[in-house]
>>> print(open('input.tsv').read())   # TSV, C-alpha atoms and all ligand atoms
chain	number	residue	atom	x	y	z
A	1	MET	CA	106.12	-0.06	29.13
A	2	SER	CA	103.91	-0.28	26.04
A	3	GLN	CA	100.40	1.17	26.00
A	4	ALA	CA	98.99	-2.37	25.70
A	5	THR	CA	100.93	-3.44	28.80
A	6	GLU	CA	99.66	-0.49	30.85
A	7	ARG	CA	96.09	-1.44	29.97
A	8	ALA	CA	96.56	-5.12	30.86
A	9	PHE	CA	94.42	-6.19	33.79
A	10	VAL	CA	95.27	-9.88	33.68
A	11	ARG	CA	98.69	-10.67	32.24
A	12	MET	CA	100.48	-13.93	31.51
A	13	ASP	CA	104.17	-13.93	30.66
A	14	GLY	CA	105.67	-17.17	29.40
A	15	VAL	CA	103.24	-19.16	31.52
A	16	GLY	CA	103.47	-22.94	31.58
A	17	HIS	CA	102.17	-25.65	33.87
A	18	ARG	CA	103.02	-29.31	34.36
A	19	TYR	CA	100.98	-31.37	36.80
A	20	ASP	CA	103.66	-34.04	37.04
A	21	PRO	CA	106.70	-32.30	38.58
A	22	ALA	CA	109.21	-34.61	36.79
A	23	PRO	CA	111.20	-32.24	34.54
A	24	ASP	CA	110.72	-34.43	31.43
A	25	SER	CA	106.93	-34.81	31.93
A	26	GLN	CA	104.57	-33.36	29.34
A	27	MET	CA	103.34	-29.87	30.13
A	28	ALA	CA	99.59	-29.16	30.27
A	29	VAL	CA	100.08	-25.63	28.88
A	30	ARG	CA	103.22	-23.79	27.79
A	31	ASN	CA	104.53	-20.45	26.52
A	32	ILE	CA	101.34	-18.54	27.19
A	33	ASP	CA	101.68	-14.78	26.72
A	34	LEU	CA	98.39	-13.00	27.16
A	35	GLU	CA	97.00	-9.63	28.15
A	36	ILE	CA	93.36	-9.18	29.10
A	37	HIS	CA	92.01	-5.68	29.56
A	38	ARG	CA	89.78	-4.53	32.36
A	39	HIS	CA	86.12	-5.38	31.72
A	40	GLU	CA	87.02	-7.33	28.61
A	41	PHE	CA	85.09	-10.52	27.81
A	42	VAL	CA	87.54	-13.16	26.58
A	43	ALA	CA	86.37	-16.62	25.52
A	44	VAL	CA	88.77	-19.58	25.43
A	45	VAL	CA	88.27	-22.44	22.96
A	46	GLY	CA	90.43	-25.42	22.05
A	47	PRO	CA	90.44	-29.23	21.87
A	48	SER	CA	89.50	-31.26	24.92
A	49	GLY	CA	92.43	-31.54	27.34
A	50	CYS	CA	94.35	-28.58	25.85
A	51	GLY	CA	94.56	-26.79	29.19
A	52	LYS	CA	91.66	-24.31	29.21
A	53	SER	CA	90.69	-25.05	32.83
A	54	THR	CA	94.37	-25.06	33.81
A	55	LEU	CA	94.65	-21.52	32.44
A	56	LEU	CA	91.58	-20.41	34.34
A	57	ARG	CA	92.79	-21.98	37.60
A	58	MET	CA	96.07	-20.11	37.29
A	59	VAL	CA	94.21	-16.78	37.03
A	60	SER	CA	92.21	-17.68	40.15
A	61	GLY	CA	95.43	-18.47	42.02
A	62	LEU	CA	94.16	-21.95	42.90
A	63	LEU	CA	97.01	-23.28	40.76
A	64	LEU	CA	100.44	-21.68	40.40
A	65	PRO	CA	102.38	-21.79	37.12
A	66	SER	CA	105.45	-24.04	36.89
A	67	GLU	CA	106.97	-21.47	34.52
A	68	GLY	CA	106.44	-17.77	33.92
A	69	GLN	CA	104.15	-15.45	35.80
A	70	VAL	CA	100.48	-14.54	36.03
A	71	SER	CA	99.69	-11.08	37.32
A	72	VAL	CA	96.48	-9.21	37.98
A	73	PHE	CA	96.53	-5.43	37.90
A	74	GLY	CA	100.33	-5.48	37.98
A	75	LYS	CA	100.65	-7.79	41.01
A	76	PRO	CA	101.89	-11.39	40.66
A	77	VAL	CA	99.30	-14.02	41.58
A	78	SER	CA	100.85	-16.03	44.42
A	79	GLY	CA	97.82	-17.80	45.91
A	80	PRO	CA	94.02	-18.00	45.83
A	81	ARG	CA	92.48	-14.59	45.13
A	82	ASP	CA	89.36	-13.33	46.83
A	83	ASP	CA	88.43	-10.93	44.02
A	84	VAL	CA	87.38	-13.64	41.56
A	85	GLY	CA	83.95	-15.18	41.10
A	86	ILE	CA	83.89	-18.67	39.63
A	87	VAL	CA	81.05	-20.36	37.78
A	88	PHE	CA	81.35	-24.05	36.87
A	89	GLN	CA	79.38	-26.33	34.57
A	90	LYS	CA	77.13	-27.38	37.46
A	91	PRO	CA	76.02	-24.70	39.92
A	92	THR	CA	76.17	-27.08	42.96
A	93	LEU	CA	73.52	-25.26	44.97
A	94	LEU	CA	72.90	-26.35	48.54
A	95	PRO	CA	69.58	-28.25	48.39
A	96	TRP	CA	68.50	-27.29	51.92
A	97	LEU	CA	68.77	-23.51	51.36
A	98	ASN	CA	66.39	-21.38	49.31
A	99	VAL	CA	67.64	-19.41	46.31
A	100	ARG	CA	68.39	-16.18	48.21
A	101	LYS	CA	70.22	-18.04	50.97
A	102	ASN	CA	72.24	-19.98	48.39
A	103	VAL	CA	73.28	-16.70	46.79
A	104	LEU	CA	74.26	-15.29	50.20
A	105	PHE	CA	76.06	-18.46	51.27
A	106	PRO	CA	79.61	-17.37	50.26
A	107	LEU	CA	79.24	-14.29	52.50
A	108	LYS	CA	78.03	-16.42	55.39
A	109	HIS	CA	80.90	-18.83	54.77
A	110	LYS	CA	83.51	-16.06	54.54
A	111	PHE	CA	82.37	-13.66	57.26
A	112	GLY	CA	80.03	-15.82	59.36
A	113	ARG	CA	77.07	-13.49	58.71
A	114	TYR	CA	75.43	-11.08	56.27
A	115	GLY	CA	73.32	-7.98	56.72
A	116	ARG	CA	70.33	-6.15	55.20
A	117	ALA	CA	72.50	-4.43	52.58
A	118	ASP	CA	73.79	-7.84	51.40
A	119	GLU	CA	70.24	-9.17	51.17
A	120	GLN	CA	69.32	-6.07	49.18
A	121	ARG	CA	72.19	-6.66	46.76
A	122	ALA	CA	71.20	-10.33	46.43
A	123	ASN	CA	67.65	-9.23	45.60
A	124	GLU	CA	68.91	-6.73	43.00
A	125	LEU	CA	71.12	-9.31	41.30
A	126	LEU	CA	68.34	-11.90	41.36
A	127	ALA	CA	66.03	-9.36	39.71
A	128	MET	CA	68.67	-8.62	37.09
A	129	ALA	CA	68.84	-12.36	36.33
A	130	GLY	CA	65.04	-12.58	36.11
A	131	LEU	CA	64.82	-14.60	39.32
A	132	ASP	CA	63.13	-12.15	41.71
A	133	ALA	CA	59.97	-14.27	41.88
A	134	PHE	CA	62.04	-17.34	42.81
A	135	ALA	CA	64.09	-16.02	45.74
A	136	GLU	CA	62.15	-18.11	48.28
A	137	LYS	CA	62.10	-21.29	46.16
A	138	MET	CA	64.28	-24.31	46.85
A	139	PRO	CA	66.83	-25.33	44.16
A	140	ASP	CA	64.94	-28.48	43.15
A	141	GLU	CA	61.93	-26.30	42.24
A	142	LEU	CA	63.99	-24.55	39.52
A	143	SER	CA	64.88	-25.60	35.96
A	144	GLY	CA	68.52	-26.28	35.04
A	145	GLY	CA	68.83	-22.87	33.37
A	146	MET	CA	67.44	-21.09	36.44
A	147	GLN	CA	69.82	-22.99	38.72
A	148	GLN	CA	72.73	-21.92	36.55
A	149	ARG	CA	71.52	-18.29	36.75
A	150	VAL	CA	71.53	-18.63	40.56
A	151	GLY	CA	75.14	-19.86	40.31
A	152	ILE	CA	76.06	-16.75	38.29
A	153	VAL	CA	74.32	-14.41	40.75
A	154	ARG	CA	76.13	-16.14	43.63
A	155	ALA	CA	79.49	-15.59	41.89
A	156	LEU	CA	78.64	-11.89	41.41
A	157	LEU	CA	77.47	-11.18	44.97
A	158	LEU	CA	80.92	-10.29	46.30
A	159	ASN	CA	81.29	-7.93	43.33
A	160	PRO	CA	84.47	-9.63	42.05
A	161	ASP	CA	86.77	-7.85	39.61
A	162	ILE	CA	87.15	-11.05	37.61
A	163	LEU	CA	84.52	-13.59	36.62
A	164	LEU	CA	85.91	-17.00	35.64
A	165	MET	CA	83.43	-19.26	33.86
A	166	ASP	CA	84.34	-22.87	33.09
A	167	GLU	CA	81.90	-24.25	30.48
A	168	PRO	CA	79.05	-22.66	32.44
A	169	PHE	CA	76.27	-23.47	29.98
A	170	SER	CA	77.32	-26.87	28.63
A	171	ALA	CA	74.75	-28.81	30.66
A	172	LEU	CA	71.86	-26.74	29.26
A	173	ASP	CA	69.69	-27.33	26.20
A	174	ALA	CA	70.46	-25.22	23.12
A	175	MET	CA	67.59	-22.72	23.52
A	176	THR	CA	68.19	-22.11	27.23
A	177	ARG	CA	71.89	-21.85	26.52
A	178	GLU	CA	71.46	-19.08	23.96
A	179	GLN	CA	69.03	-17.15	26.17
A	180	ILE	CA	71.22	-17.39	29.29
A	181	GLY	CA	74.17	-16.16	27.19
A	182	PHE	CA	72.24	-12.98	26.32
A	183	ASP	CA	71.17	-12.64	29.97
A	184	LEU	CA	74.81	-12.87	31.01
A	185	LEU	CA	75.71	-10.10	28.53
A	186	LYS	CA	72.96	-7.91	29.99
A	187	ILE	CA	74.33	-8.40	33.52
A	188	TRP	CA	77.90	-7.83	32.26
A	189	ASP	CA	76.75	-4.60	30.62
A	190	GLU	CA	75.19	-3.34	33.86
A	191	GLN	CA	77.93	-4.64	36.17
A	192	PRO	CA	81.08	-4.75	34.04
A	193	LYS	CA	83.60	-7.45	34.96
A	194	THR	CA	86.68	-8.90	33.38
A	195	VAL	CA	85.40	-12.25	32.11
A	196	LEU	CA	87.34	-15.37	31.13
A	197	PHE	CA	84.83	-17.78	29.62
A	198	ILE	CA	85.68	-21.35	28.63
A	199	THR	CA	83.43	-23.02	26.11
A	200	HIS	CA	83.41	-25.91	23.62
A	201	SER	CA	80.98	-23.96	21.45
A	202	ILE	CA	82.71	-21.82	18.83
A	203	SER	CA	79.53	-19.90	18.02
A	204	GLU	CA	78.91	-19.18	21.72
A	205	ALA	CA	82.48	-17.87	22.04
A	206	VAL	CA	82.01	-15.52	19.07
A	207	LEU	CA	78.51	-14.45	20.08
A	208	LEU	CA	79.49	-13.37	23.60
A	209	SER	CA	83.06	-12.17	23.62
A	210	ASP	CA	85.35	-9.27	22.71
A	211	ARG	CA	88.20	-11.64	21.87
A	212	VAL	CA	88.52	-15.39	21.42
A	213	LEU	CA	91.67	-17.17	22.53
A	214	VAL	CA	92.18	-20.31	20.43
A	215	MET	CA	94.43	-22.92	22.04
A	216	SER	CA	96.39	-25.73	20.41
A	217	LYS	CA	96.08	-29.34	21.54
A	218	ARG	CA	98.11	-30.39	24.60
A	219	PRO	CA	100.49	-28.91	25.55
A	220	GLY	CA	98.15	-25.97	25.08
A	221	SER	CA	99.60	-22.78	23.65
A	222	VAL	CA	98.05	-19.76	21.97
A	223	LEU	CA	97.18	-20.49	18.33
A	224	ASP	CA	95.34	-17.25	17.77
A	225	LEU	CA	93.73	-14.38	19.63
A	226	ILE	CA	90.90	-13.05	17.53
A	227	ASP	CA	89.19	-9.67	17.88
A	228	ILE	CA	85.42	-10.07	17.71
A	229	ASP	CA	84.45	-6.66	16.45
A	230	LEU	CA	80.76	-7.47	16.02
A	231	PRO	CA	78.39	-4.70	17.16
A	232	ARG	CA	76.92	-4.73	20.68
A	233	PRO	CA	74.41	-5.33	22.08
A	234	ARG	CA	74.58	-8.82	20.61
A	235	SER	CA	71.28	-10.49	19.75
A	236	PRO	CA	69.95	-13.46	17.77
A	237	ASP	CA	70.40	-11.23	14.68
A	238	THR	CA	74.17	-11.15	15.32
A	239	ILE	CA	74.30	-14.81	14.26
A	240	LYS	CA	72.93	-13.86	10.83
A	241	LEU	CA	75.77	-11.41	10.07
A	242	PRO	CA	78.26	-12.60	7.43
A	243	GLU	CA	81.10	-11.46	9.73
A	244	PHE	CA	79.80	-13.88	12.37
A	245	SER	CA	80.18	-16.85	10.00
A	246	ALA	CA	83.59	-15.63	8.86
A	247	LEU	CA	84.80	-15.54	12.47
A	248	THR	CA	83.41	-18.97	13.40
A	249	ASP	CA	84.93	-20.42	10.20
A	250	ARG	CA	88.31	-18.96	11.07
A	251	ILE	CA	88.24	-20.58	14.52
A	252	ARG	CA	86.95	-23.88	13.17
A	253	LYS	CA	89.84	-23.98	10.73
A	254	HIS	CA	92.31	-23.53	13.60
A	255	ILE	CA	90.79	-26.38	15.56
A	256	TYR	CA	90.01	-28.90	12.84
A	257	GLU	CA	92.64	-28.04	10.23
A	258	PRO	CA	95.50	-26.46	12.21
A	259	ALA	CA	97.99	-26.93	9.35
A	260	ALA	CA	95.71	-25.09	6.89
A	261	ALA	CA	95.06	-22.28	9.38
A	262	ALA	CA	98.81	-21.80	9.79
A	263	GLN	CA	99.25	-21.08	6.02
A	264	PRO	CA	100.03	-17.41	5.28
A	265	GLY	CA	96.82	-15.55	4.42
A	266	ALA	CA	94.61	-18.39	5.68
A	267	ALA	CA	92.70	-16.15	8.13
B	1	LIG	N1	94.99	-32.45	38.63
B	1	LIG	C1	95.56	-32.93	37.53
B	1	LIG	N2	96.57	-33.82	37.60
B	1	LIG	C2	97.18	-34.31	36.48
B	1	LIG	N3	96.84	-33.94	35.23
B	1	LIG	C3	95.82	-33.07	35.09
B	1	LIG	C4	95.15	-32.52	36.23
B	1	LIG	N4	94.18	-31.65	35.78
B	1	LIG	C5	94.28	-31.68	34.43
B	1	LIG	N5	95.25	-32.52	34.03
B	1	LIG	C6	95.65	-32.80	32.64
B	1	LIG	O1	96.12	-31.56	32.06
B	1	LIG	C7	95.62	-31.42	30.73
B	1	LIG	C8	94.80	-30.13	30.64
B	1	LIG	O2	93.62	-30.29	31.44
B	1	LIG	P1	92.49	-29.19	31.48
B	1	LIG	O3	91.40	-29.71	32.35
B	1	LIG	O4	93.08	-27.88	31.81
B	1	LIG	O5	92.03	-29.17	29.94
B	1	LIG	P2	90.70	-28.59	29.29
B	1	LIG	O6	91.12	-27.97	27.99
B	1	LIG	O7	90.00	-27.71	30.25
B	1	LIG	O8	89.88	-29.93	29.03
B	1	LIG	P3	88.32	-30.14	28.70
B	1	LIG	O9	88.00	-29.30	27.51
B	1	LIG	O10	88.23	-31.60	28.38
B	1	LIG	O11	87.56	-29.75	29.93
B	1	LIG	C9	94.79	-32.66	30.43
B	1	LIG	O12	95.59	-33.55	29.68
B	1	LIG	C10	94.46	-33.23	31.80
B	1	LIG	O13	94.36	-34.63	31.75
>>> encode(input="input.tsv", output="structure tokens", more="lines below")
Ligand SMILES: Nc1ncnc2c1ncn2[C@@H]1O[C@H](COP(=O)(O)OP(=O)(O)OP(=O)(O)O)[C@@H](O)[C@H]1O
Amino acid sequence: MSQATERAFVRMDGVGHRYDPAPDSQMAVRNIDLEIHRHEFVAVVGPSGCGKSTLLRMVSGLLLPSEGQVSVFGKPVSGPRDDVGIVFQKPTLLPWLNVRKNVLFPLKHKFGRYGRADEQRANELLAMAGLDAFAEKMPDELSGGMQQRVGIVRALLLNPDILLMDEPFSALDAMTREQIGFDLLKIWDEQPKTVLFITHSISEAVLLSDRVLVMSKRPGSVLDLIDIDLPRPRSPDTIKLPEFSALTDRIRKHIYEPAAAAQPGAA
């Protein structure tokens, strides 16, 4: 077993998925080999419909691969996992519960109740997300960015090993989006998680992550897996670094000029 394999937390070996079970149907994703390390932040970018969400669903166990195997910490994923937190584009908060109760809802749903220690943890996470003054507010009293923060806190409450984020900031305006990205990094720094983060924004992918997985158009496969060795903590100044532009250009080339990116020495 190679050193890289031993360090893999999430692993995909020859993973493919077809939604239509007919053997000659087009696959959504195919031939995915991938290793994600514990507490690594990996962003996934690629053309619309290339299979980013499909990949994420297979890590969660909500979807099983038609080919190959997904494993987490050495164990094959064979069904929905309870050690993942999921954040979607819309936080879908329950409008009749206040912020704290929304955050605690998964516990109530799973175990039928929650205790003082859970409330304490909810309060701590809300404070970390800058929402401590809003714990008693109802969702419709919050801005879109604040609602999305509540969704992130809710996903973190059960202290999952893996945080799966499917275009979590795409409904937000540009300024809120950048700020919430830095807030997420602060939380990730204090409560490290293995993060798989889908985005349509190349600069967001580079700004936040340790590595960017670039997927080809459908059937999605791995075009490139790029190390983002920009210094941390990341900040608005990171965007001004020449290395930042070089990395975003490299990814853009893959997506908009795949033939050129495939030329030797094109990176
Ligand atoms: N439940 C489903 N049944 C049939 N086909 C599906 C299903 N879900 C997704 N697909 C198809 O599989 C392909 C990959 O979809 P997926 O949602 O994973 O792509 P994506 O890269 O996340 O797309 P986007 O960037 O537009 O959100 C698409 O062509 C999509 O139409």
>>> axis_aligned_box(input="input.tsv", around="ligand LIG 1 (chain B)", padding_each_side="8 Å", output="AutoDock Vina command-line options")
--center_x 92.4 --center_y -31.2 --center_z 33.1 --size_x 25.6 --size_y 22.9 --size_z 27.1
>>> residues_near_ligand(input="input.tsv", ligand="ligand LIG 1 (chain B)", cutoff="7 Å", atoms="all atoms listed in the file", output="short mmCIF file (atom, residue, chain, number, x, y, z; two decimals) with C-alpha atoms, keeping the file's coordinate frame")
data_model
loop_
_atom_site.label_atom_id
_atom_site.label_comp_id
_atom_site.auth_asym_id
_atom_site.auth_seq_id
_atom_site.Cartn_x
_atom_site.Cartn_y
_atom_site.Cartn_z
CA TYR A 19 100.98 -31.37 36.80
CA ASP A 20 103.66 -34.04 37.04
CA ALA A 28 99.59 -29.16 30.27
CA GLY A 46 90.43 -25.42 22.05
CA PRO A 47 90.44 -29.23 21.87
CA SER A 48 89.50 -31.26 24.92
CA GLY A 49 92.43 -31.54 27.34
CA CYS A 50 94.35 -28.58 25.85
CA GLY A 51 94.56 -26.79 29.19
CA LYS A 52 91.66 -24.31 29.21
CA SER A 53 90.69 -25.05 32.83
CA THR A 54 94.37 -25.06 33.81
CA LEU A 55 94.65 -21.52 32.44
CA HIS A 200 83.41 -25.91 23.62
CA ARG A 218 98.11 -30.39 24.60
#
>>> closest_residue(input="input.tsv", among="A:Gly68, A:Pro21, A:Gly130, A:Pro95", to="Gln179 (chain A)", atoms="all atoms listed in the file")
A:Gly130
>>> residues_near_point(input="input.tsv", point="(72.7, -5.2, 21.8)", cutoff="10 Å", atoms="all atoms listed in the file", output="list in words")
Phe182, Leu185, Lys186, Asp189, Pro231, Arg232, Pro233, Arg234, Ser235, Pro236, Asp237 and Thr238 of chain A
>>> atom_distance(input="input.tsv", atom1="CA of Glu119 (chain A)", atom2="CA of Leu157 (chain A)")
9.7 Å
>>> closest_residue(input="input.tsv", among="A:Leu156, A:Leu93, A:Val59, A:Leu223", to="Asp118 (chain A)", atoms="only C-alpha atoms")
A:Leu156
>>> closest_atom_pairs(input="input.tsv", of="region 129-185 of chain A", to="region 71-89 of chain A", cutoff="8 Å", atoms="only C-alpha atoms", output="tab-separated table")
residue	atom	partner	partner_atom	distance
A:Gly151	CA	A:Val87	CA	6.4
A:Ile152	CA	A:Val87	CA	6.2
A:Ala155	CA	A:Gly85	CA	4.5
A:Leu156	CA	A:Gly85	CA	6.3
A:Leu158	CA	A:Gly85	CA	7.8
A:Asn159	CA	A:Asp83	CA	7.8
A:Pro160	CA	A:Asp83	CA	4.6
A:Asp161	CA	A:Asp83	CA	5.6
A:Ile162	CA	A:Val84	CA	4.7
A:Leu163	CA	A:Gly85	CA	4.8
A:Leu164	CA	A:Ile86	CA	4.8
A:Met165	CA	A:Val87	CA	4.7
A:Asp166	CA	A:Phe88	CA	5.0
A:Glu167	CA	A:Gln89	CA	5.2
A:Pro168	CA	A:Gln89	CA	4.3
A:Phe169	CA	A:Gln89	CA	6.2
A:Ser170	CA	A:Gln89	CA	6.3
A:Ala171	CA	A:Gln89	CA	6.5
>>> closest_atom_pairs(input="input.tsv", of="region 194-250 of chain A", to="region 33-44 of chain A", cutoff="6 Å", atoms="all atoms listed in the file", output="Markdown table")
| residue | atom | partner | partner_atom | distance |
| --- | --- | --- | --- | --- |
| A:Thr194 | CA | A:His39 | CA | 3.9 |
| A:Val195 | CA | A:Phe41 | CA | 4.6 |
| A:Leu196 | CA | A:Val42 | CA | 5.1 |
| A:Phe197 | CA | A:Ala43 | CA | 4.5 |
| A:Ile198 | CA | A:Val44 | CA | 4.8 |
| A:Ala205 | CA | A:Ala43 | CA | 5.4 |
| A:Ser209 | CA | A:Phe41 | CA | 4.9 |
| A:Asp210 | CA | A:Phe41 | CA | 5.3 |
| A:Arg211 | CA | A:Val42 | CA | 5.0 |
| A:Val212 | CA | A:Ala43 | CA | 4.8 |
| A:Leu213 | CA | A:Val44 | CA | 4.8 |
>>> closest_residue(input="input.tsv", among="A:Leu230, A:Ile202, A:Ile239, A:Leu97", to="Tyr256 (chain A)", atoms="only C-alpha atoms")
A:Ile202
>>> atom_distance(input="input.tsv", atom1="CA of Asp13 (chain A)", atom2="CA of Glu67 (chain A)")
8.9 Å
>>> atom_distance(input="input.tsv", atom1="CA of Leu63 (chain A)", atom2="CA of Gly181 (chain A)")
27.5 Å
>>> closest_residue(input="input.tsv", among="A:Pro139, A:Gly144, A:Gly112, A:Pro219", to="Asn31 (chain A)", atoms="only C-alpha atoms")
A:Pro219
>>> closest_residue(input="input.tsv", among="A:Ser143, A:Gln191, A:Val70, A:Ile228", to="Asp173 (chain A)", atoms="only C-alpha atoms")
A:Ser143
